[in-house]
Amino acid sequence: MNYPFDKTFNKPQKSSWLLGLLFIMAFSLNAQKPEYRNVFKEHGYKQKDIDKKLQKAYSDLFEGPDKIYFEVGDSMAYVSDIKNNDARTEGLSYGMMVAVQFNKKEVFDRIWRWSKKYSQHQSGPREGYFAWSINPKTLKQNSPGSASDGELYYVTSLLFAANRWGNDSGIDYYQEARRILDAMWKKDGKNNVYNIFNAEHKQITFVPDRFGYSWTDPSYHVPAFMEVWAKYAKDGHEDFYKAVADTSRAFFKRACHPVTGLNSDYTEFSGQPHPTRWMPAGFRYDSWRVPMNIAMDYTWFGKDKNWQEDYAARFQNFLRSKGLDSYDDQFNIDGTKPEFILKAGPEAKLRHSIGLVSTAATTTLIKKDKDFVKAIWNAQLKPYEDGYFDPYYDGLMYLFSLMHLSGNYRIIEPAQ
């Protein structure tokens, strides 16, 4: 007997079902793919001018008379916090991230060789970790301890380097990243050295030792990097890294003020401010990085868009209320003026800092606002009226932000 349903409809139904599945899969993959927007171009700036501005910012920091990048011999280089006369894992790893994003392999390799030789502990309880501050003249460690964000950026930039350049051109970038990670997972508190993540809270620590293992720095929370580790580290801890990313997204909701969007430089894992013996709680220099980290996560993975869009609106509205051309660079998290001002330069004073102008502008990746874009476009990395000049921190925040806003700060995937 012929069954019209089977013969007439079954095959077409199967084909339609497969086509539908393929469409859903394609849509899903496309939805997850980051869109690296060129915000400057969206606002009418010409591509040649965008390229020129980006190149000048890079050249100023790595090649110009006020550079922070210094080559040593034939194969090494370091990035220096000029005003503090040291080389920090913060700046060294930032320099590597800039280099891999700009496809500057020699610059990347030089900084990595210097970092490995002079900063990375090759033995002992801290093996695999980095001393956070080095005197570039004497080459001695100012402190053997680690600042957790240094390891965070080292690993991520090394994974990107492995994807971009492979591992057979003199440095096995993947194995160098794995060495840091594998060493990290062996740290269990013995000799007061811990994992850079607090395993119970699934959050990055201020420092991975007894002093700072029980609290955090919100600007060290970079959920986008954790998603990258989950995808490319391949060390068996993928689920943990994904959990850290999700925890950071939840943490930001607790740490950022419900009206101003501001967060304290240091906090408890709960998000509540953590005052220290040297500084009361407040929104200061470390905190500038938080809006940029949230904007990066929004662009790269977009897993918490509703809250991130609300955050960007609150943060922009607060700064606008303080005057777009004049807002200060330090606040109490409720937006009031702080009694304690963290010193930068010869005196403790509030400024309208290019570093914060820059990172604030990255929130336009989340919520469009031509005024914030115009502010960073017109900003110049030069001495302030009082003579203070910081090409290191201000400069790196400025360069990172230009990269983000021109669509040039990306997840670097393996070459096909």
# chains A, B, ... in the order shown; residues from 1 in each chain; ligands from 1

$ select_by_dssp --residues "region 147-267 of chain A" --states "alpha helix (DSSP H)" --output "ChimeraX atom specification"
/A:148-165,173-184,223-232,238-255

$ residues_around --residues "Leu381 (chain A)" --least-positions-apart "4" --cutoff "8 Å" --atoms "only C-alpha atoms" --output "list of chain:residue names"
A:Ile354, A:Pro391, A:Asp394, A:Gly395, A:Tyr398

$ residues_around --residues "Ala344 (chain A)" --least-positions-apart "5" --cutoff "9 Å" --atoms "only C-alpha atoms" --output "ChimeraX atom specification"
/A:83,349,388,390

$ write_last_selection --atoms "N, CA and C atoms" --output "short mmCIF file (atom, residue, chain, number, x, y, z; two decimals), in the first residue's frame"
data_model
loop_
_atom_site.label_atom_id
_atom_site.label_comp_id
_atom_site.auth_asym_id
_atom_site.auth_seq_id
_atom_site.Cartn_x
_atom_site.Cartn_y
_atom_site.Cartn_z
N LYS A 83 57.07 57.69 36.18
CA LYS A 83 57.01 58.52 37.38
C LYS A 83 57.41 57.75 38.63
N LYS A 349 46.01 66.19 44.18
CA LYS A 349 45.01 67.10 43.65
C LYS A 349 44.13 66.37 42.66
N TYR A 388 52.13 68.16 35.56
CA TYR A 388 52.12 66.71 35.74
C TYR A 388 51.86 66.02 34.40
N ASP A 390 51.76 61.91 32.66
CA ASP A 390 51.86 60.47 32.89
C ASP A 390 51.60 59.71 31.59
#

$ residues_around --residues "region 121-134 of chain A" --least-positions-apart "3" --cutoff "7 Å" --atoms "only C-alpha atoms" --output "list in words"
Asp86, Ala87, Arg88, Thr89, Leu139, Lys140, Gln141, Asn142, Ser143, Pro144, Gly145, Ser146, Ala147, Arg179, Ile180, Ala183, Asn191 and Val193 of chain A

$ closest_residue --among "A:Gly95, A:Gly323, A:Pro414, A:Pro65" --to "Leu399 (chain A)" --atoms "only C-alpha atoms"
A:Gly95

$ closest_residue --among "A:Ser326, A:Thr267, A:Ser59, A:Ser321" --to "Asp286 (chain A)" --atoms "only C-alpha atoms"
A:Thr267

$ select_by_dssp --residues "region 176-276 of chain A" --states "strand (DSSP E)" --output "ChimeraX atom specification"
/A:197-198,203-204

$ residues_around --residues "Ala415 (chain A)" --least-positions-apart "3" --cutoff "10 Å" --atoms "only C-alpha atoms" --output "ChimeraX atom specification"
/A:162-166,412

$ atom_distance --atom1 "CA of Val39 (chain A)" --atom2 "CA of Met403 (chain A)"
10.4 Å

$ closest_residue --among "A:Ala375, A:Val107, A:Leu92, A:Val100" --to "Asp325 (chain A)" --atoms "only C-alpha atoms"
A:Ala375

$ residues_around --residues "Met397 (chain A)" --least-positions-apart "4" --cutoff "10 Å" --atoms "only C-alpha atoms" --output "PyMOL selection string"
chain A and resi 94+288-289+292+354-359+391-393+401-403

$ closest_residue --among "A:Gly407, A:Lys374, A:Ile341, A:Ala77" --to "Trp112 (chain A)" --atoms "only C-alpha atoms"
A:Ala77
